[in-house]
>>> print(open('entry.cif').read())   # mmCIF, C-alpha atoms and all ligand atoms
data_query
loop_
_atom_site.label_atom_id
_atom_site.label_comp_id
_atom_site.auth_asym_id
_atom_site.auth_seq_id
_atom_site.Cartn_x
_atom_site.Cartn_y
_atom_site.Cartn_z
CA MET A 1 -52.75 -39.73 124.68
CA LYS A 2 -49.53 -40.89 126.32
CA LYS A 3 -51.53 -42.30 129.19
CA ILE A 4 -53.75 -44.33 126.83
CA LEU A 5 -50.68 -45.69 125.05
CA LYS A 6 -49.15 -46.64 128.36
CA TRP A 7 -52.27 -48.50 129.46
CA THR A 8 -52.66 -50.20 126.09
CA GLY A 9 -49.04 -51.29 126.41
CA ILE A 10 -49.61 -52.72 129.84
CA VAL A 11 -52.76 -54.54 128.73
CA ILE A 12 -50.96 -56.03 125.71
CA LEU A 13 -48.07 -57.08 127.93
CA PHE A 14 -50.50 -58.85 130.25
CA ILE A 15 -52.19 -60.61 127.34
CA ILE A 16 -48.88 -61.73 125.88
CA SER A 17 -47.53 -63.04 129.17
CA GLY A 18 -50.87 -64.73 129.86
CA LEU A 19 -50.72 -66.40 126.44
CA SER A 20 -47.15 -67.55 126.86
CA LEU A 21 -47.94 -68.97 130.28
CA THR A 22 -50.90 -70.85 128.79
CA VAL A 23 -48.73 -72.15 125.93
CA MET A 24 -46.00 -73.23 128.37
CA GLY A 25 -48.54 -74.85 130.65
CA ARG A 26 -49.91 -76.92 127.77
CA GLN A 27 -46.60 -78.37 126.52
CA HIS A 28 -46.94 -81.71 128.27
CA LEU A 29 -50.66 -82.49 128.16
CA LYS A 30 -51.44 -86.09 129.12
CA TYR A 31 -54.00 -88.35 127.51
CA ASP A 32 -55.60 -91.62 128.46
CA ALA A 33 -55.97 -94.52 126.05
CA PRO A 34 -56.30 -98.28 126.45
CA TYR A 35 -53.42 -100.65 125.80
CA PRO A 36 -54.38 -102.90 122.87
CA ASN A 37 -54.09 -106.58 123.76
CA ILE A 38 -51.20 -107.22 121.37
CA LYS A 39 -48.39 -109.66 122.09
CA ALA A 40 -45.29 -110.00 119.94
CA SER A 41 -44.72 -113.50 118.62
CA ILE A 42 -41.62 -115.40 117.50
CA ASP A 43 -43.57 -117.29 114.86
CA THR A 44 -41.61 -116.95 111.59
CA ALA A 45 -44.69 -116.34 109.41
CA THR A 46 -45.81 -113.50 111.70
CA ILE A 47 -42.34 -111.94 111.66
CA ALA A 48 -42.22 -112.25 107.85
CA LYS A 49 -45.59 -110.50 107.57
CA GLY A 50 -44.31 -107.71 109.83
CA ARG A 51 -41.15 -107.34 107.77
CA HIS A 52 -43.30 -107.05 104.65
CA ILE A 53 -45.46 -104.29 106.20
CA VAL A 54 -42.53 -102.31 107.66
CA LEU A 55 -40.37 -102.38 104.51
CA GLY A 56 -43.30 -102.54 102.05
CA PRO A 57 -46.83 -101.09 102.22
CA GLY A 58 -46.44 -99.58 105.73
CA HIS A 59 -43.24 -97.81 104.53
CA CYS A 60 -41.98 -97.30 108.11
CA VAL A 61 -38.46 -97.67 106.69
CA ASP A 62 -38.99 -94.58 104.57
CA CYS A 63 -38.93 -92.37 107.68
CA HIS A 64 -37.17 -94.53 110.27
CA SER A 65 -33.93 -95.09 108.36
CA THR A 66 -31.18 -92.60 107.57
CA ILE A 67 -29.32 -94.90 105.23
CA LYS A 68 -28.57 -92.81 102.12
CA ASN A 69 -29.28 -95.52 99.58
CA VAL A 70 -32.47 -96.75 101.24
CA ASP A 71 -34.26 -96.85 97.86
CA SER A 72 -31.71 -99.11 96.17
CA LEU A 73 -31.49 -101.40 99.21
CA LEU A 74 -35.26 -101.79 99.11
CA GLN A 75 -35.14 -102.52 95.39
CA LEU A 76 -32.58 -105.23 96.08
CA GLY A 77 -34.87 -106.74 98.69
CA GLN A 78 -32.51 -105.84 101.53
CA GLU A 79 -33.20 -104.52 104.98
CA PRO A 80 -32.06 -100.93 105.64
CA LEU A 81 -31.29 -100.21 109.32
CA LEU A 82 -34.31 -98.96 111.26
CA SER A 83 -32.24 -97.02 113.76
CA GLY A 84 -34.13 -93.74 113.29
CA GLY A 85 -32.75 -90.21 113.37
CA TYR A 86 -34.22 -89.06 110.06
CA LYS A 87 -34.63 -85.29 110.35
CA PHE A 88 -37.67 -83.25 109.33
CA ASP A 89 -36.99 -79.50 109.06
CA LEU A 90 -40.45 -77.98 109.23
CA PRO A 91 -41.82 -74.45 109.79
CA PHE A 92 -42.68 -75.56 113.37
CA GLY A 93 -39.26 -76.87 114.32
CA THR A 94 -36.92 -79.79 113.77
CA PHE A 95 -38.16 -83.32 114.41
CA TYR A 96 -36.43 -86.68 114.39
CA THR A 97 -37.78 -90.18 113.87
CA ARG A 98 -37.23 -92.71 116.66
CA ASN A 99 -34.91 -95.70 116.70
CA LEU A 100 -37.15 -98.74 116.07
CA THR A 101 -34.57 -101.41 116.94
CA PRO A 102 -34.89 -103.21 120.31
CA ASP A 103 -31.99 -101.33 121.97
CA LYS A 104 -32.92 -100.85 125.67
CA GLU A 105 -31.63 -97.28 126.08
CA THR A 106 -32.10 -95.66 122.69
CA GLY A 107 -34.63 -97.86 120.88
CA ILE A 108 -37.98 -99.51 121.57
CA GLY A 109 -36.42 -101.99 124.03
CA SER A 110 -37.85 -100.04 126.96
CA LEU A 111 -41.41 -100.08 125.58
CA THR A 112 -43.84 -102.98 126.16
CA ASP A 113 -45.81 -104.50 123.27
CA GLY A 114 -48.91 -102.74 124.64
CA GLU A 115 -47.12 -99.36 124.69
CA ILE A 116 -45.96 -99.69 121.06
CA ALA A 117 -49.43 -100.85 119.98
CA ARG A 118 -51.05 -97.97 121.89
CA VAL A 119 -48.89 -95.28 120.32
CA LEU A 120 -49.68 -96.62 116.83
CA ARG A 121 -53.42 -97.10 117.42
CA TYR A 122 -54.27 -94.29 119.85
CA SER A 123 -51.28 -91.93 119.35
CA VAL A 124 -50.50 -91.89 123.08
CA LYS A 125 -46.86 -92.33 124.11
CA LYS A 126 -45.55 -94.19 127.15
CA ASN A 127 -45.46 -90.93 129.15
CA GLY A 128 -49.10 -90.13 128.23
CA GLU A 129 -48.30 -87.37 125.75
CA SER A 130 -49.64 -87.31 122.21
CA VAL A 131 -47.30 -88.52 119.49
CA LEU A 132 -46.80 -86.08 116.59
CA PRO A 133 -49.19 -86.73 113.68
CA PHE A 134 -46.71 -88.36 111.28
CA MET A 135 -48.16 -91.88 111.45
CA PRO A 136 -51.79 -92.43 110.46
CA PHE A 137 -51.86 -96.18 111.20
CA GLN A 138 -54.76 -95.99 113.68
CA ASN A 139 -56.93 -98.39 111.66
CA MET A 140 -54.38 -101.20 111.42
CA SER A 141 -55.85 -104.55 112.50
CA ASP A 142 -54.65 -106.49 115.55
CA GLU A 143 -52.99 -108.89 113.13
CA ASP A 144 -51.08 -106.05 111.41
CA LEU A 145 -49.90 -104.59 114.74
CA THR A 146 -48.86 -108.01 116.06
CA ALA A 147 -46.84 -108.65 112.89
CA VAL A 148 -45.17 -105.21 112.91
CA ILE A 149 -44.20 -105.40 116.59
CA SER A 150 -42.99 -109.01 116.27
CA TYR A 151 -40.73 -108.01 113.39
CA LEU A 152 -39.33 -104.96 115.24
CA ARG A 153 -38.59 -107.17 118.27
CA SER A 154 -36.69 -109.61 116.01
CA LEU A 155 -34.22 -106.95 114.79
CA LYS A 156 -30.66 -106.64 115.99
CA PRO A 157 -30.53 -103.88 118.65
CA ILE A 158 -28.62 -100.83 117.42
CA GLU A 159 -27.51 -98.12 119.79
CA ASN A 160 -28.43 -94.80 118.24
CA LYS A 161 -29.49 -91.93 120.46
CA VAL A 162 -31.81 -89.75 118.42
CA PRO A 163 -31.79 -86.01 119.31
CA ASP A 164 -34.85 -84.51 121.01
CA HIS A 165 -37.29 -82.54 118.87
CA GLN A 166 -36.75 -78.78 118.76
CA TYR A 167 -39.90 -76.68 118.63
CA ASN A 168 -39.86 -73.02 117.66
CA VAL A 169 -42.44 -70.53 118.99
CA LEU A 170 -45.00 -71.47 116.34
CA GLY A 171 -44.33 -75.14 117.07
CA ARG A 172 -44.94 -74.59 120.80
CA ILE A 173 -48.25 -72.86 120.09
CA ILE A 174 -49.30 -75.68 117.74
CA LYS A 175 -48.24 -78.27 120.30
CA ALA A 176 -50.23 -76.48 123.01
CA PHE A 177 -53.49 -76.18 121.08
CA LEU A 178 -53.59 -78.40 118.01
CA ILE A 179 -51.63 -81.59 118.61
CA LYS A 180 -54.04 -84.20 119.92
CA PRO A 181 -54.02 -87.97 119.66
CA MET A 182 -55.47 -89.38 116.42
CA ASN A 183 -57.86 -92.23 117.09
CA PRO A 184 -59.19 -95.09 114.95
CA THR A 185 -61.94 -93.90 112.60
CA GLU A 186 -63.24 -97.41 111.84
CA PRO A 187 -64.39 -100.19 114.18
CA LEU A 188 -61.39 -102.18 115.45
CA GLN A 189 -60.63 -105.31 113.46
CA THR A 190 -58.86 -108.47 114.57
CA ALA A 191 -57.73 -109.26 111.02
CA VAL A 192 -58.70 -108.35 107.47
CA LYS A 193 -58.65 -111.23 105.01
CA ALA A 194 -55.82 -110.68 102.52
CA ASP A 195 -57.14 -111.25 98.99
CA THR A 196 -57.57 -109.18 95.82
CA THR A 197 -60.96 -107.69 96.75
CA ALA A 198 -61.73 -103.98 97.03
CA ARG A 199 -62.38 -104.59 100.75
CA TYR A 200 -58.76 -105.58 101.34
CA GLY A 201 -57.63 -102.84 98.94
CA LYS A 202 -59.42 -100.28 101.11
CA HIS A 203 -57.64 -101.61 104.19
CA LEU A 204 -54.27 -101.23 102.45
CA VAL A 205 -55.03 -97.76 101.05
CA MET A 206 -56.61 -96.31 104.20
CA ALA A 207 -54.91 -98.12 107.09
CA VAL A 208 -51.57 -99.61 106.05
CA ALA A 209 -50.12 -97.83 103.00
CA ASN A 210 -52.00 -94.60 103.71
CA CYS A 211 -52.29 -93.43 100.14
CA ASN A 212 -55.00 -91.05 101.33
CA GLU A 213 -52.49 -89.18 103.48
CA CYS A 214 -51.14 -87.56 100.31
CA HIS A 215 -53.80 -88.26 97.69
CA THR A 216 -56.69 -86.73 99.67
CA LYS A 217 -56.59 -83.00 100.29
CA ARG A 218 -56.05 -81.91 103.89
CA ASN A 219 -56.06 -78.53 105.63
CA GLU A 220 -53.09 -76.88 107.39
CA ILE A 221 -53.51 -79.02 110.49
CA GLY A 222 -53.90 -82.26 108.60
CA ALA A 223 -57.69 -82.78 108.70
CA TYR A 224 -59.16 -84.34 105.54
CA ILE A 225 -61.15 -81.80 103.51
CA GLY A 226 -61.05 -83.21 99.96
CA LYS A 227 -62.99 -86.03 98.31
CA PRO A 228 -61.25 -89.35 99.05
CA LEU A 229 -58.20 -89.90 96.82
CA ALA A 230 -59.08 -87.09 94.42
CA GLY A 231 -55.54 -85.69 94.75
CA GLY A 232 -54.55 -82.03 94.85
CA THR A 233 -52.03 -82.02 97.70
CA VAL A 234 -49.28 -79.57 96.81
CA PHE A 235 -45.66 -80.33 97.69
CA GLU A 236 -43.40 -77.31 97.46
CA GLU A 237 -39.74 -77.40 98.30
CA GLU A 238 -37.12 -74.77 97.68
CA GLY A 239 -35.20 -75.38 94.49
CA LYS A 240 -37.48 -78.15 93.27
CA PRO A 241 -40.44 -78.04 90.91
CA THR A 242 -43.80 -78.17 92.67
CA LEU A 243 -45.53 -81.56 92.72
CA ILE A 244 -49.27 -82.06 93.03
CA THR A 245 -50.65 -85.48 93.87
CA PRO A 246 -52.76 -86.85 91.03
CA ASN A 247 -56.44 -87.77 91.23
CA LEU A 248 -56.76 -91.56 91.67
CA THR A 249 -60.57 -91.73 91.35
CA PRO A 250 -62.15 -93.40 88.28
CA HIS A 251 -63.03 -90.16 86.47
CA PRO A 252 -61.91 -89.53 82.86
CA SER A 253 -59.83 -86.60 84.19
CA GLY A 254 -58.12 -88.87 86.77
CA ARG A 255 -54.53 -90.04 86.32
CA ILE A 256 -55.21 -93.76 86.20
CA TYR A 257 -58.49 -93.71 84.26
CA GLY A 258 -57.01 -95.38 81.18
CA TRP A 259 -54.86 -97.83 83.13
CA ASN A 260 -55.82 -101.47 83.39
CA GLN A 261 -54.75 -103.66 86.29
CA GLU A 262 -51.56 -104.71 84.44
CA THR A 263 -50.51 -101.10 83.78
CA PHE A 264 -51.14 -100.25 87.42
CA ILE A 265 -48.95 -103.11 88.65
CA GLN A 266 -46.25 -102.29 86.10
CA ARG A 267 -46.17 -98.66 87.22
CA PHE A 268 -45.36 -99.80 90.77
CA ARG A 269 -42.64 -102.13 89.48
CA LEU A 270 -40.94 -99.15 87.78
CA GLY A 271 -40.33 -97.39 91.10
CA LYS A 272 -39.61 -93.70 91.52
CA LEU A 273 -39.46 -91.89 88.18
CA ILE A 274 -39.43 -88.34 89.53
CA PRO A 275 -36.39 -88.36 91.86
CA TYR A 276 -37.76 -85.77 94.31
CA SER A 277 -41.23 -87.36 94.56
CA HIS A 278 -42.45 -87.76 98.13
CA MET A 279 -44.21 -91.00 97.36
CA PRO A 280 -42.37 -93.99 98.90
CA TRP A 281 -42.34 -95.85 95.56
CA GLU A 282 -39.57 -98.30 96.50
CA SER A 283 -41.41 -99.50 99.60
CA TYR A 284 -44.67 -99.80 97.69
CA GLY A 285 -42.82 -101.61 94.92
CA ARG A 286 -42.37 -104.48 97.38
CA MET A 287 -46.11 -105.06 97.46
CA THR A 288 -47.24 -108.30 95.85
CA ASP A 289 -49.26 -108.41 92.63
CA ASP A 290 -52.27 -109.46 94.73
CA GLU A 291 -51.92 -106.45 97.03
CA LEU A 292 -51.69 -104.10 94.04
CA LYS A 293 -54.70 -105.78 92.43
CA ALA A 294 -56.69 -105.22 95.63
CA ILE A 295 -55.68 -101.54 95.67
CA TYR A 296 -56.60 -101.15 92.00
CA ASN A 297 -59.96 -102.81 92.61
CA TYR A 298 -60.66 -100.49 95.53
CA LEU A 299 -59.72 -97.34 93.58
CA LYS A 300 -62.26 -98.40 90.92
CA THR A 301 -65.06 -98.31 93.53
CA LEU A 302 -64.42 -94.68 94.53
CA GLU A 303 -66.72 -91.80 93.70
CA PRO A 304 -65.39 -90.34 90.41
CA VAL A 305 -64.21 -86.77 90.95
CA ASP A 306 -63.37 -84.30 88.20
CA THR A 307 -59.79 -83.14 88.71
CA TYR A 308 -60.61 -79.66 87.46
CA GLU A 309 -63.90 -79.09 89.27
CA LYS A 310 -62.86 -79.72 92.84
CA LYS A 311 -61.68 -76.79 94.93
C1 LIG B 401 -43.88 -90.06 107.58
C2 LIG B 401 -42.83 -90.50 108.46
C3 LIG B 401 -43.06 -91.71 109.34
C4 LIG B 401 -43.52 -92.97 108.96
C5 LIG B 401 -43.96 -93.44 107.58
C6 LIG B 401 -43.48 -93.77 110.16
N1 LIG B 401 -43.02 -93.04 111.23
FE1 LIG B 401 -42.83 -93.70 113.16
N2 LIG B 401 -42.27 -91.83 113.75
C7 LIG B 401 -42.11 -90.74 112.93
C8 LIG B 401 -41.75 -89.58 113.74
C9 LIG B 401 -41.48 -88.17 113.23
C10 LIG B 401 -41.71 -90.02 115.07
C11 LIG B 401 -41.46 -89.18 116.32
C12 LIG B 401 -42.83 -88.74 116.82
C13 LIG B 401 -42.86 -88.09 118.18
O1 LIG B 401 -41.86 -88.12 118.88
O2 LIG B 401 -43.94 -87.57 118.56
C14 LIG B 401 -42.03 -91.44 115.05
C15 LIG B 401 -42.09 -92.24 116.18
C16 LIG B 401 -42.36 -93.61 116.18
C17 LIG B 401 -42.38 -94.44 117.36
C18 LIG B 401 -42.05 -94.00 118.78
C19 LIG B 401 -43.27 -93.45 119.44
C20 LIG B 401 -43.00 -93.10 120.88
O3 LIG B 401 -43.64 -93.75 121.72
O4 LIG B 401 -42.19 -92.23 121.15
C21 LIG B 401 -42.70 -95.71 116.94
C22 LIG B 401 -42.86 -96.95 117.83
C23 LIG B 401 -42.88 -95.66 115.51
N3 LIG B 401 -42.66 -94.36 115.08
C24 LIG B 401 -43.20 -96.75 114.73
C25 LIG B 401 -43.49 -96.68 113.36
C26 LIG B 401 -43.95 -97.82 112.57
C27 LIG B 401 -44.15 -99.22 113.11
C28 LIG B 401 -44.17 -97.34 111.31
C29 LIG B 401 -44.72 -98.09 110.12
C30 LIG B 401 -45.94 -98.88 110.33
C31 LIG B 401 -43.81 -95.91 111.30
N4 LIG B 401 -43.39 -95.57 112.56
C32 LIG B 401 -43.86 -95.11 110.19
C33 LIG B 401 -42.26 -90.73 111.55
C34 LIG B 401 -42.75 -91.77 110.77
C1 LIG B 402 -46.05 -89.23 100.86
C2 LIG B 402 -47.03 -88.88 99.83
C3 LIG B 402 -47.63 -89.97 98.98
C4 LIG B 402 -48.16 -91.18 99.38
C5 LIG B 402 -48.26 -91.75 100.80
C6 LIG B 402 -48.67 -91.82 98.18
N1 LIG B 402 -48.44 -91.01 97.09
FE1 LIG B 402 -48.90 -91.47 95.16
N2 LIG B 402 -47.99 -89.74 94.54
C7 LIG B 402 -47.46 -88.78 95.36
C8 LIG B 402 -46.88 -87.72 94.54
C9 LIG B 402 -46.20 -86.46 95.08
C10 LIG B 402 -47.09 -88.09 93.19
C11 LIG B 402 -46.63 -87.31 91.93
C12 LIG B 402 -45.16 -87.59 91.68
C13 LIG B 402 -44.89 -88.99 91.21
O1 LIG B 402 -45.48 -89.44 90.20
O2 LIG B 402 -44.07 -89.69 91.87
C14 LIG B 402 -47.79 -89.38 93.23
C15 LIG B 402 -48.17 -90.09 92.10
C16 LIG B 402 -48.93 -91.25 92.10
C17 LIG B 402 -49.39 -91.94 90.90
C18 LIG B 402 -49.16 -91.51 89.46
C19 LIG B 402 -47.86 -92.06 88.94
C20 LIG B 402 -47.62 -91.74 87.48
O3 LIG B 402 -46.58 -92.21 86.98
O4 LIG B 402 -48.42 -91.09 86.86
C21 LIG B 402 -50.09 -93.05 91.32
C22 LIG B 402 -50.78 -94.08 90.46
C23 LIG B 402 -50.07 -93.03 92.78
N3 LIG B 402 -49.35 -91.92 93.21
C24 LIG B 402 -50.69 -93.97 93.57
C25 LIG B 402 -50.51 -94.06 94.96
C26 LIG B 402 -51.00 -95.17 95.76
C27 LIG B 402 -51.85 -96.32 95.26
C28 LIG B 402 -50.56 -94.94 97.04
C29 LIG B 402 -50.70 -95.85 98.24
C30 LIG B 402 -50.29 -97.23 98.04
C31 LIG B 402 -49.86 -93.65 97.04
N4 LIG B 402 -49.84 -93.16 95.76
C32 LIG B 402 -49.30 -93.05 98.16
C33 LIG B 402 -47.44 -88.80 96.75
C34 LIG B 402 -47.82 -89.87 97.54
#
>>> encode(input="entry.cif", output="structure tokens")
Amino acid sequence: MKKILKWTGIVILFIISGLSLTVMGRQHLKYDAPYPNIKASIDTATIAKGRHIVLGPGHCVDCHSTIKNVDSLLQLGQEPLLSGGYKFDLPFGTFYTRNLTPDKETGIGSLTDGEIARVLRYSVKKNGESVLPFMPFQNMSDEDLTAVISYLRSLKPIENKVPDHQYNVLGRIIKAFLIKPMNPTEPLQTAVKADTTARYGKHLVMAVANCNECHTKRNEIGAYIGKPLAGGTVFEEEGKPTLITPNLTPHPSGRIYGWNQETFIQRFRLGKLIPYSHMPWESYGRMTDDELKAIYNYLKTLEPVDTYEKK
């Protein structure tokens, strides 16, 4: 009996050390991806469009600023610092957003336009590693990326060294086996005509504002499993009531079924009503009436899903 136990112990030890070696060996996997042909511009209209995306629908500011009153600054139409350092305490470790100002040492000053465009479109960083899956902007058009990068380049450089991420054991295992670059899921587009059509609304919802990130159900590793925009994502945080994203499809059981276009726009003008809501209401509130009309029109074209029938 003792002998068997001893051998089992040895075998388990071998398996564990084998596994940890594999996990360690897979911490810095490299990927290949093309550099999109994107060049920052100093054209004022392009920079203004980029500013609108970063502070508005693209809500980059929501994660890349640590300014305490970011919501009120956005409401006032001001520009919160994009110097990064916002901290995410997750079950896999502690992660920090990067400094998006053009500082050479601590910001994006050391990245080329192509490198910034590649990390946003193909999730591959300068050093070839996969970026963490916080930013589903893979389907942005060339025009969107050009505008965003032009705006970031126009900012005043701010020196802010953001700490390195800290992975725990679970985080290392996830990094070794599950973190892979996210790629575009739609054919690449040079530009999408900005108007109030459902076509443009879809581009905003799926590629720029990423409403589906929270309003479509996903599994533990972030893959979409629910019907598009039918809601059901659960947000649980200690000490706060649980929030579940509402169903945005045109079904009588959906949240916005009885809302007309006016109501929809007005709701966005009201901003955050539930203080602990995860939805970046203040950034979205900077969207124009036309952008909100386009989104509304797109939501109307979705397959109606019964809130209470889906799993
Ligand atoms: C939900 C939070 C979130 C949002 C929204 C967000 N980011 Fe990030 N961003 C992060 C995190 C976290 C990292 C660090 C990821 C890593 O190191 O793998 C990061 C890293 C980056 C990087 C550095 C990548 C590299 O090469 O190391 C760039 C550039 C960037 N973000 C740009 C943007 C832009 C532009 C937007 C808006 C269009 C945006 N981010 C919106 C969380 C976010
Ligand atoms: C980061 C997660 C997240 C993103 C991204 C997000 N939402 Fe939400 N949304 C929520 C949560 C959580 C709620 C419920 C709490 C609340 O009402 O603020 C909600 C509520 C709503 C409501 C109901 C508001 C009410 O008063 O009944 C609407 C409408 C809505 N979202 C539309 C959108 C649209 C359109 C987008 C994209 C432009 C979007 N959401 C993006 C998380 C998100």
>>> closest_residue(input="entry.cif", among="A:Leu73, A:Ile108, A:Ile12, A:Val131", to="ligand LIG 401 (chain B)", atoms="only C-alpha atoms and all ligand atoms")
A:Val131
>>> residues_near_ligand(input="entry.cif", ligand="ligand LIG 401 (chain B)", cutoff="8 Å", atoms="only C-alpha atoms and all ligand atoms", output="PyMOL selection string")
chain A and resi 53-54+58-64+86-88+95-100+108+111+115-117+119-120+124-126+130-135+137+148-149+152+165+208
>>> residues_near_ligand(input="entry.cif", ligand="ligand LIG 402 (chain B)", cutoff="7 Å", atoms="only C-alpha atoms and all ligand atoms", output="VMD selection string")
chain A and resid 57 205 209 to 215 235 243 to 246 248 255 to 256 264 267 272 to 274 277 to 280 284 295
>>> atom_distance(input="entry.cif", atom1="atom CA of A:Ser65", atom2="atom CA of A:Asn160")
11.3 Å
>>> closest_residue(input="entry.cif", among="A:Pro304, A:Pro184, A:Gly25, A:Gly50", to="A:Leu229", atoms="only C-alpha atoms")
A:Pro304
>>> axis_aligned_box(input="entry.cif", around="stretch 243-254 of chain A", padding_each_side="4 Å", output="lines of an AutoDock Vina configuration file")
center_x = -54.3
center_y = -87.5
center_z = 88.4
size_x = 25.5
size_y = 19.8
size_z = 19.0
>>> atom_distance(input="entry.cif", atom1="atom CA of A:Pro181", atom2="atom CA of A:Ile16")
27.5 Å
>>> residues_around(input="entry.cif", residues="A:Thr106", least_positions_apart="3", cutoff="6 Å", atoms="only C-alpha atoms", output="list of chain:residue names")
A:Asp103, A:Glu159, A:Asn160, A:Lys161
>>> atom_distance(input="entry.cif", atom1="atom CA of A:Leu292", atom2="atom CA of A:Ser41")
27.2 Å
>>> build_atoms(input="entry.cif", residues="stretch 79-85 of chain A", atoms="all heavy atoms", output="compact mmCIF listing (two decimals), in the coordinates of the input")
# COMPACT_ATOMS: atom_id res chain seq x y z
N GLU A 79 -32.58 -105.04 103.78
CA GLU A 79 -33.20 -104.52 104.98
C GLU A 79 -32.43 -103.32 105.50
O GLU A 79 -31.48 -103.48 106.25
CB GLU A 79 -33.13 -105.66 106.01
CG GLU A 79 -34.16 -105.65 107.05
CD GLU A 79 -34.20 -107.01 107.74
OE1 GLU A 79 -33.14 -107.52 108.17
OE2 GLU A 79 -35.30 -107.57 107.83
N PRO A 80 -32.81 -102.09 105.12
CA PRO A 80 -32.06 -100.93 105.64
C PRO A 80 -32.25 -100.82 107.15
O PRO A 80 -33.30 -101.18 107.67
CB PRO A 80 -32.73 -99.76 104.92
CG PRO A 80 -33.51 -100.35 103.79
CD PRO A 80 -33.90 -101.72 104.23
N LEU A 81 -31.23 -100.33 107.85
CA LEU A 81 -31.29 -100.21 109.32
C LEU A 81 -32.44 -99.31 109.74
O LEU A 81 -32.63 -98.23 109.19
CB LEU A 81 -30.00 -99.59 109.85
CG LEU A 81 -28.72 -100.39 109.70
CD1 LEU A 81 -27.57 -99.63 110.37
CD2 LEU A 81 -28.89 -101.76 110.33
N LEU A 82 -33.17 -99.76 110.77
CA LEU A 82 -34.31 -98.96 111.26
C LEU A 82 -33.93 -98.21 112.53
O LEU A 82 -34.69 -98.16 113.48
CB LEU A 82 -35.50 -99.89 111.52
CG LEU A 82 -36.15 -100.42 110.24
CD1 LEU A 82 -37.01 -101.64 110.53
CD2 LEU A 82 -37.01 -99.33 109.59
N SER A 83 -32.73 -97.62 112.52
CA SER A 83 -32.24 -97.02 113.76
C SER A 83 -32.64 -95.56 113.93
O SER A 83 -32.16 -94.87 114.83
CB SER A 83 -30.72 -97.17 113.85
OG SER A 83 -30.14 -96.87 112.61
N GLY A 84 -33.55 -95.07 113.09
CA GLY A 84 -34.13 -93.74 113.29
C GLY A 84 -33.17 -92.59 113.06
O GLY A 84 -32.09 -92.76 112.50
N GLY A 85 -33.61 -91.38 113.48
CA GLY A 85 -32.75 -90.21 113.37
C GLY A 85 -32.97 -89.41 112.11
O GLY A 85 -32.33 -88.38 111.90
